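The next block is coords.cif, given as mmCIF, C-alpha atoms.
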```cif
data_coords
loop_
_atom_site.group_PDB
_atom_site.id
_atom_site.type_symbol
_atom_site.label_atom_id
_atom_site.label_comp_id
_atom_site.auth_asym_id
_atom_site.auth_seq_id
_atom_site.Cartn_x
_atom_site.Cartn_y
_atom_site.Cartn_z
ATOM 1 C CA MET X 1 1.057 -15.438 -6.085
ATOM 2 C CA GLN X 2 -2.640 -14.676 -5.890
ATOM 3 C CA ALA X 3 -3.459 -11.170 -7.161
ATOM 4 C CA ILE X 4 -4.714 -9.400 -4.048
ATOM 5 C CA GLN X 5 -5.267 -5.671 -4.485
ATOM 6 C CA LEU X 6 -4.047 -3.747 -1.410
ATOM 7 C CA GLY X 7 -5.227 -0.343 -2.545
ATOM 8 C CA LYS X 8 -6.054 1.453 -5.755
ATOM 9 C CA TYR X 9 -2.579 0.965 -7.224
ATOM 10 C CA LEU X 10 -0.524 -1.768 -5.570
ATOM 11 C CA THR X 11 -0.971 -5.492 -5.081
ATOM 12 C CA LEU X 12 0.227 -7.896 -2.411
ATOM 13 C CA GLU X 13 2.771 -9.165 -4.935
ATOM 14 C CA ASP X 14 4.172 -5.620 -5.313
ATOM 15 C CA PHE X 15 4.649 -5.456 -1.541
ATOM 16 C CA CYS X 16 6.145 -8.932 -1.195
ATOM 17 C CA THR X 17 8.595 -8.980 -4.104
ATOM 18 C CA CYS X 18 10.055 -5.461 -4.366
ATOM 19 C CA THR X 19 13.273 -5.896 -2.356
ATOM 20 C CA GLN X 20 16.659 -6.575 -3.901
ATOM 21 C CA THR X 21 17.112 -9.465 -1.477
ATOM 22 C CA TYR X 22 13.880 -11.100 -2.639
ATOM 23 C CA GLN X 23 14.879 -10.583 -6.282
ATOM 24 C CA LYS X 24 18.231 -12.267 -5.647
ATOM 25 C CA TYR X 25 16.881 -15.292 -3.730
ATOM 26 C CA ALA X 26 13.299 -15.466 -5.071
ATOM 27 C CA ILE X 27 13.174 -19.228 -5.601
ATOM 28 C CA GLN X 28 14.224 -19.800 -1.970
ATOM 29 C CA ILE X 29 11.851 -17.309 -0.299
ATOM 30 C CA ASP X 30 8.138 -17.568 0.440
ATOM 31 C CA PRO X 31 7.325 -13.831 0.502
ATOM 32 C CA LYS X 32 3.643 -14.051 1.484
ATOM 33 C CA PRO X 33 2.069 -13.230 4.839
ATOM 34 C CA LYS X 34 0.791 -16.165 6.869
ATOM 35 C CA ASN X 35 -1.557 -14.127 9.084
ATOM 36 C CA PRO X 36 -4.625 -12.660 7.272
ATOM 37 C CA ASP X 37 -4.410 -9.678 9.660
ATOM 38 C CA SER X 38 -1.163 -8.718 7.899
ATOM 39 C CA ILE X 39 -3.076 -8.277 4.638
ATOM 40 C CA THR X 40 -5.653 -6.121 6.421
ATOM 41 C CA ALA X 41 -2.843 -3.959 7.851
ATOM 42 C CA LEU X 42 -1.213 -3.633 4.419
ATOM 43 C CA LYS X 43 -4.555 -2.565 2.942
ATOM 44 C CA LYS X 44 -4.867 0.184 5.563
ATOM 45 C CA LEU X 45 -1.295 1.356 4.866
ATOM 46 C CA ASN X 46 -2.218 1.619 1.198
ATOM 47 C CA GLN X 47 -5.564 3.307 1.806
ATOM 48 C CA TYR X 48 -4.309 5.979 4.194
ATOM 49 C CA ILE X 49 -0.712 6.548 3.048
ATOM 50 C CA ILE X 50 0.270 5.011 -0.298
ATOM 51 C CA ASP X 51 -2.865 5.742 -2.357
ATOM 52 C CA PRO X 52 -2.822 9.485 -1.527
ATOM 53 C CA VAL X 53 0.910 9.670 -2.337
ATOM 54 C CA ILE X 54 0.454 7.934 -5.694
ATOM 55 C CA GLU X 55 -2.625 10.029 -6.520
ATOM 56 C CA TYR X 56 -0.600 13.202 -6.035
ATOM 57 C CA PHE X 57 2.797 12.222 -7.501
ATOM 58 C CA GLY X 58 1.696 9.585 -10.039
ATOM 59 C CA LYS X 59 2.265 5.840 -10.291
ATOM 60 C CA GLN X 60 5.179 6.288 -12.731
ATOM 61 C CA LYS X 61 7.198 8.303 -10.187
ATOM 62 C CA PHE X 62 6.394 6.100 -7.169
ATOM 63 C CA LYS X 63 9.057 3.479 -6.417
ATOM 64 C CA LEU X 64 8.441 0.926 -3.654
ATOM 65 C CA THR X 65 11.827 -0.277 -2.376
ATOM 66 C CA TYR X 66 10.780 -2.371 0.631
ATOM 67 C CA GLY X 67 7.325 -3.583 1.541
ATOM 68 C CA PHE X 68 6.211 -6.608 3.501
ATOM 69 C CA CYS X 69 8.852 -8.822 5.129
ATOM 70 C CA SER X 70 7.969 -12.489 5.523
ATOM 71 C CA ALA X 71 9.785 -14.731 7.994
ATOM 72 C CA ASP X 72 11.647 -16.245 5.014
ATOM 73 C CA LEU X 73 12.748 -12.834 3.723
ATOM 74 C CA LYS X 74 13.824 -11.867 7.255
ATOM 75 C CA ARG X 75 16.071 -14.928 7.374
ATOM 76 C CA PHE X 76 17.768 -13.938 4.100
ATOM 77 C CA LEU X 77 18.145 -10.277 5.128
ATOM 78 C CA ASN X 78 20.112 -11.433 8.162
ATOM 79 C CA LYS X 79 22.494 -13.575 6.052
ATOM 80 C CA LYS X 80 25.670 -12.436 4.334
ATOM 81 C CA ASP X 81 25.900 -12.522 0.565
ATOM 82 C CA PRO X 82 28.171 -15.474 -0.304
ATOM 83 C CA ASP X 83 29.935 -13.495 -3.042
ATOM 84 C CA THR X 84 30.532 -10.179 -1.254
ATOM 85 C CA GLY X 85 30.447 -11.186 2.428
ATOM 86 C CA ILE X 86 28.157 -8.186 3.049
ATOM 87 C CA LYS X 87 24.899 -8.657 4.940
ATOM 88 C CA ASN X 88 21.910 -8.713 2.552
ATOM 89 C CA GLY X 89 20.014 -6.094 4.507
ATOM 90 C CA ARG X 90 18.873 -5.088 7.906
ATOM 91 C CA ILE X 91 15.624 -5.342 9.709
ATOM 92 C CA ASP X 92 14.427 -4.584 13.193
ATOM 93 C CA PRO X 93 11.196 -6.576 13.375
ATOM 94 C CA THR X 94 10.489 -5.470 16.939
ATOM 95 C CA ARG X 95 10.073 -1.862 15.775
ATOM 96 C CA ASP X 96 9.874 -1.306 12.038
ATOM 97 C CA GLN X 97 6.429 -2.864 11.286
ATOM 98 C CA HIS X 98 7.553 -4.435 7.966
ATOM 99 C CA MET X 99 6.405 -7.841 9.280
ATOM 100 C CA ALA X 100 2.924 -6.411 9.926
ATOM 101 C CA HIS X 101 0.912 -8.875 12.057
ATOM 102 C CA GLU X 102 3.070 -11.949 11.499
ATOM 103 C CA LEU X 103 3.486 -14.329 14.407
ATOM 104 C CA LYS X 104 6.582 -16.077 15.702
ATOM 105 C CA GLN X 105 6.496 -19.795 16.427
ATOM 106 C CA ASN X 106 5.713 -18.985 20.075
ATOM 107 C CA GLY X 107 2.511 -17.197 19.001
ATOM 108 C CA LYS X 108 3.764 -13.676 19.781
ATOM 109 C CA TYR X 109 3.930 -10.910 17.182
ATOM 110 C CA TYR X 110 7.315 -10.057 15.670
ATOM 111 C CA CYS X 111 6.319 -6.418 16.206
ATOM 112 C CA GLU X 112 3.953 -5.709 19.084
ATOM 113 C CA ARG X 113 3.223 -2.266 17.576
ATOM 114 C CA LEU X 114 1.248 -3.983 14.783
ATOM 115 C CA GLY X 115 0.297 -2.040 11.662
ATOM 116 C CA ALA X 116 2.381 -2.237 8.480
ATOM 117 C CA ALA X 117 5.266 -0.351 6.880
ATOM 118 C CA CYS X 118 7.042 0.233 3.606
ATOM 119 C CA ASP X 119 9.952 2.201 2.177
ATOM 120 C CA PHE X 120 9.544 4.212 -1.005
ATOM 121 C CA LEU X 121 10.739 7.216 -2.904
ATOM 122 C CA ILE X 122 9.412 9.519 -5.567
ATOM 123 C CA VAL X 123 11.719 9.396 -8.588
ATOM 124 C CA GLU X 124 13.603 12.664 -9.181
ATOM 125 C CA PHE X 125 12.023 14.256 -6.105
ATOM 126 C CA ASP X 126 13.821 15.257 -2.919
ATOM 127 C CA SER X 127 12.734 13.139 0.074
ATOM 128 C CA ASN X 128 12.864 16.297 2.249
ATOM 129 C CA GLU X 129 10.064 17.699 0.119
ATOM 130 C CA LEU X 130 8.200 14.382 0.208
ATOM 131 C CA VAL X 131 8.206 14.445 4.023
ATOM 132 C CA LYS X 132 6.968 18.068 3.989
ATOM 133 C CA TRP X 133 4.148 17.054 1.648
ATOM 134 C CA ILE X 134 3.165 14.114 3.894
ATOM 135 C CA LEU X 135 3.063 16.411 6.921
ATOM 136 C CA LYS X 136 1.114 19.102 5.075
ATOM 137 C CA GLN X 137 -1.479 16.493 4.028
ATOM 138 C CA GLN X 138 -1.664 15.311 7.645
ATOM 139 C CA LEU X 139 -1.403 11.678 6.591
ATOM 140 C CA PRO X 140 -1.998 9.484 9.673
ATOM 141 C CA PHE X 141 1.366 7.737 9.894
ATOM 142 C CA ASP X 142 2.763 5.970 12.921
ATOM 143 C CA SER X 143 6.503 6.322 12.245
ATOM 144 C CA LEU X 144 8.504 7.967 9.491
ATOM 145 C CA TYR X 145 12.234 7.318 9.055
ATOM 146 C CA PHE X 146 14.205 9.844 7.013
ATOM 147 C CA TYR X 147 17.548 8.548 5.717
ATOM 148 C CA GLY X 148 18.529 11.432 3.448
ATOM 149 C CA LYS X 149 17.136 13.641 0.717
ATOM 150 C CA GLU X 150 18.003 11.232 -2.105
ATOM 151 C CA ARG X 151 17.061 8.009 -0.308
ATOM 152 C CA PRO X 152 13.713 6.278 0.237
ATOM 153 C CA ILE X 153 11.680 7.103 3.326
ATOM 154 C CA HIS X 154 10.202 4.495 5.662
ATOM 155 C CA ILE X 155 6.611 5.067 6.721
ATOM 156 C CA SER X 156 4.185 2.989 8.757
ATOM 157 C CA TYR X 157 0.492 2.992 9.478
ATOM 158 C CA GLY X 158 -0.598 1.446 12.747
ATOM 159 C CA PRO X 159 -3.038 1.784 15.597
ATOM 160 C CA GLN X 160 -0.892 4.259 17.544
ATOM 161 C CA HIS X 161 -0.671 7.067 14.922
ATOM 162 C CA LYS X 162 2.297 8.438 16.896
ATOM 163 C CA ARG X 163 3.566 10.571 13.998
ATOM 164 C CA ASP X 164 7.126 9.969 15.188
ATOM 165 C CA ILE X 165 9.837 11.163 12.850
ATOM 166 C CA TRP X 166 13.309 9.653 13.036
ATOM 167 C CA THR X 167 16.366 10.842 11.150
ATOM 168 C CA PHE X 168 19.578 8.871 10.872
ATOM 169 C CA THR X 169 23.175 10.018 11.071
ATOM 170 C CA PRO X 170 25.626 8.848 8.376
ATOM 171 C CA THR X 171 26.651 6.014 10.746
ATOM 172 C CA GLY X 172 23.020 4.875 11.070
ATOM 173 C CA GLN X 173 22.380 6.285 14.553
ATOM 174 C CA PRO X 174 18.669 7.172 14.943
ATOM 175 C CA THR X 175 17.647 10.599 16.235
ATOM 176 C CA LYS X 176 14.025 11.307 17.102
ATOM 177 C CA LYS X 177 12.681 14.534 15.698
ATOM 178 C CA GLY X 178 9.435 16.292 16.379
ATOM 179 C CA ILE X 179 7.095 17.319 13.617
ATOM 180 C CA PRO X 180 8.364 20.643 12.284
ATOM 181 C CA ILE X 181 6.167 23.658 13.114
ATOM 182 C CA SER X 182 6.466 25.161 9.655
ATOM 183 C CA VAL X 183 5.896 22.798 6.800
#
```
Entire entry expressed as structure tokens:
Amino acid sequence: MQAIQLGKYLTLEDFCTCTQTYQKYAIQIDPKPKNPDSITALKKLNQYIIDPVIEYFGKQKFKLTYGFCSADLKRFLNKKDPDTGIKNGRIDPTRDQHMAHELKQNGKYYCERLGAACDFLIVEFDSNELVKWILKQQLPFDSLYFYGKERPIHISYGPQHKRDIWTFTPTGQPTKKGIPISV
């Protein structure tokens, strides 16, 4: 894969190859974006969200768990593992912005919201505190999904800058939260 720097710290390869599903099926998946606008969106996500996080917490503690999702990766996420019978992952391309500006065969965007997203955590750091830090810094995110204090967060950067925060129940049910008054 061509070494394309997305920000100060991460490359396109980092964003395209970080998932467990990609690691498992790497020789069968083309992980790269097809639309150059996806790379532009990923660069903005890095510039406005990821670079400030890494500058504060350090590259050694930053762990990207899910970055860009190509159409090939999407196909494998929707399949069941042949050994376990468990689905490889889940994706909601109409909302989650992991497919950035990729286009379907009919020419429409997978996600009309555009922008780009990733999931990450800070090693040995509570994700509750990470979210508080992001809010305190007033990072211009579009959506933030909080799955639990010891799990990665999902964050997106897009044209809407909605600053929506979603939490998820243990059964995976989303609940929209407002931005807390006291951070």
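For the residues X:Phe120, X:His101, X:Asp142, X:His154, ranking by smallest atom-to-atom distance to Asp37 (chain X) using only C-alpha atoms places X:His101 first.
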Can you list, as a PDB file with C-alpha atoms, in the coordinates of the input, every protein, DNA or RNA residue that comes within 10 Å of Tyr109 (chain X) when you count all atoms listed in the file, leaving out same-chain residues fewer than 6 positions away?
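Generated file (selection_35.pdb):
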```
ATOM      1  CA  PRO X  93      11.196  -6.576  13.375  1.00  0.00           C
ATOM      2  CA  THR X  94      10.489  -5.470  16.939  1.00  0.00           C
ATOM      3  CA  MET X  99       6.405  -7.841   9.280  1.00  0.00           C
ATOM      4  CA  ALA X 100       2.924  -6.411   9.926  1.00  0.00           C
ATOM      5  CA  HIS X 101       0.912  -8.875  12.057  1.00  0.00           C
ATOM      6  CA  GLU X 102       3.070 -11.949  11.499  1.00  0.00           C
ATOM      7  CA  LEU X 103       3.486 -14.329  14.407  1.00  0.00           C
TER       8      LEU X 103
END
```
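With all atoms listed in the file taken into account, the protein and nucleic acid residues at most 7 Å from Leu121 (chain X) (excluding it and anything under 3 positions from it in its own chain) are Phe62, Lys63, Leu64, Ser127, Arg151, Pro152 and Ile153 of chain X.
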Here is a test: counting all atoms listed in the file, which residue of X:Val123, X:Gln160, X:Asn35, X:Asp96 is nearest to Tyr145 (chain X)? X:Asp96
At a cut-off of 12 Å from (5.5, 7.4, -4.1) in the coordinates of the file, what residues are picked up using all atoms listed in the file, written as an MDAnalysis selection string? chainID X and resid 9:10 46 49:65 118:127 130:131 133:134 152:155
Could you write out the selected residues, including C-alpha atoms, as a tab-separated table (two decimals), in the coordinates of the input?
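Done, and the output landed in out_7.tsv:
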```tsv
chain	number	residue	atom	x	y	z
X	9	TYR	CA	-2.58	0.96	-7.22
X	10	LEU	CA	-0.52	-1.77	-5.57
X	46	ASN	CA	-2.22	1.62	1.20
X	49	ILE	CA	-0.71	6.55	3.05
X	50	ILE	CA	0.27	5.01	-0.30
X	51	ASP	CA	-2.86	5.74	-2.36
X	52	PRO	CA	-2.82	9.48	-1.53
X	53	VAL	CA	0.91	9.67	-2.34
X	54	ILE	CA	0.45	7.93	-5.69
X	55	GLU	CA	-2.62	10.03	-6.52
X	56	TYR	CA	-0.60	13.20	-6.04
X	57	PHE	CA	2.80	12.22	-7.50
X	58	GLY	CA	1.70	9.59	-10.04
X	59	LYS	CA	2.26	5.84	-10.29
X	60	GLN	CA	5.18	6.29	-12.73
X	61	LYS	CA	7.20	8.30	-10.19
X	62	PHE	CA	6.39	6.10	-7.17
X	63	LYS	CA	9.06	3.48	-6.42
X	64	LEU	CA	8.44	0.93	-3.65
X	65	THR	CA	11.83	-0.28	-2.38
X	118	CYS	CA	7.04	0.23	3.61
X	119	ASP	CA	9.95	2.20	2.18
X	120	PHE	CA	9.54	4.21	-1.00
X	121	LEU	CA	10.74	7.22	-2.90
X	122	ILE	CA	9.41	9.52	-5.57
X	123	VAL	CA	11.72	9.40	-8.59
X	124	GLU	CA	13.60	12.66	-9.18
X	125	PHE	CA	12.02	14.26	-6.10
X	126	ASP	CA	13.82	15.26	-2.92
X	127	SER	CA	12.73	13.14	0.07
X	130	LEU	CA	8.20	14.38	0.21
X	131	VAL	CA	8.21	14.44	4.02
X	133	TRP	CA	4.15	17.05	1.65
X	134	ILE	CA	3.16	14.11	3.89
X	152	PRO	CA	13.71	6.28	0.24
X	153	ILE	CA	11.68	7.10	3.33
X	154	HIS	CA	10.20	4.50	5.66
X	155	ILE	CA	6.61	5.07	6.72
```
Report the centre and edge lengths, in Å to one decimal, of an axis-aligned box enclosing every atom of region 149-156 of chain X listed in the file, padded by 6 Å on each side, as lines of an AutoDock Vina configuration file.
```
center_x = 11.1
center_y = 8.3
center_z = 3.3
size_x = 25.8
size_y = 22.7
size_z = 22.9
```
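Residue nearest Lys176 (chain X) within the list X:Gln138, X:Ser143, X:Thr40, X:Ser156: X:Ser143 [criterion: smallest interatomic distance, all atoms listed in the file].
Running the PyMOL selection byres ((chain X and resi 162) around 12) on this file leaves Arg113, Gly115, Leu139, Pro140, Phe141, Asp142, Ser143, Leu144, Ile155, Ser156, Tyr157, Gly158, Pro159, Gln160, His161, Arg163, Asp164, Ile165, Trp166, Gly178 and Ile179 of chain X selected.
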Dump as a JSON list (two decimals), in the coordinates of the input, selection limited to C-alpha atoms:
```json
[["chain", "number", "residue", "atom", "x", "y", "z"],
["X", 113, "ARG", "CA", 3.22, -2.27, 17.58],
["X", 115, "GLY", "CA", 0.30, -2.04, 11.66],
["X", 139, "LEU", "CA", -1.40, 11.68, 6.59],
["X", 140, "PRO", "CA", -2.00, 9.48, 9.67],
["X", 141, "PHE", "CA", 1.37, 7.74, 9.89],
["X", 142, "ASP", "CA", 2.76, 5.97, 12.92],
["X", 143, "SER", "CA", 6.50, 6.32, 12.24],
["X", 144, "LEU", "CA", 8.50, 7.97, 9.49],
["X", 155, "ILE", "CA", 6.61, 5.07, 6.72],
["X", 156, "SER", "CA", 4.18, 2.99, 8.76],
["X", 157, "TYR", "CA", 0.49, 2.99, 9.48],
["X", 158, "GLY", "CA", -0.60, 1.45, 12.75],
["X", 159, "PRO", "CA", -3.04, 1.78, 15.60],
["X", 160, "GLN", "CA", -0.89, 4.26, 17.54],
["X", 161, "HIS", "CA", -0.67, 7.07, 14.92],
["X", 163, "ARG", "CA", 3.57, 10.57, 14.00],
["X", 164, "ASP", "CA", 7.13, 9.97, 15.19],
["X", 165, "ILE", "CA", 9.84, 11.16, 12.85],
["X", 166, "TRP", "CA", 13.31, 9.65, 13.04],
["X", 178, "GLY", "CA", 9.44, 16.29, 16.38],
["X", 179, "ILE", "CA", 7.10, 17.32, 13.62]]
```
Counting only C-alpha atoms, closest pick from X:Leu77, X:Ala3, X:Ile91, X:Ile27 relative to Cys111 (chain X) is X:Ile91
Atomic distance CA of Ala117 (chain X) - CA of Leu135 (chain X), expressed in Å with one decimal: 16.9 Å
What gap, in Å, lies between CA of Cys69 (chain X) and CA of Asn128 (chain X)? 25.6 Å
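Here CA of Lys136 (chain X) is placed at a distance of 23.6 Å from CA of Ala41 (chain X).
When all atoms listed in the file are used to measure the gap to Asp72 (chain X), the shortest distance among X:Lys24, X:Lys43, X:His98, X:Lys32 belongs to X:Lys32.
Nearest to Phe15 (chain X) of all the residues X:Lys104, X:Gln28, X:Arg95, X:Ala116 is X:Ala116, counting only C-alpha atoms.
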Counting only C-alpha atoms, what is within 8 Å of region 4-6 of chain X, bar same-chain residues fewer than 5 positions away, as a compact mmCIF listing (two decimals) with C-alpha atoms, keeping the file's coordinate frame?
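Output saved as around_38.txt:
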```
# COMPACT_ATOMS: atom_id res chain seq x y z
CA THR X 11 -0.97 -5.49 -5.08
CA LEU X 12 0.23 -7.90 -2.41
CA GLU X 13 2.77 -9.16 -4.93
CA ILE X 39 -3.08 -8.28 4.64
CA LEU X 42 -1.21 -3.63 4.42
CA LYS X 43 -4.56 -2.56 2.94
CA ASN X 46 -2.22 1.62 1.20
CA GLN X 47 -5.56 3.31 1.81
```
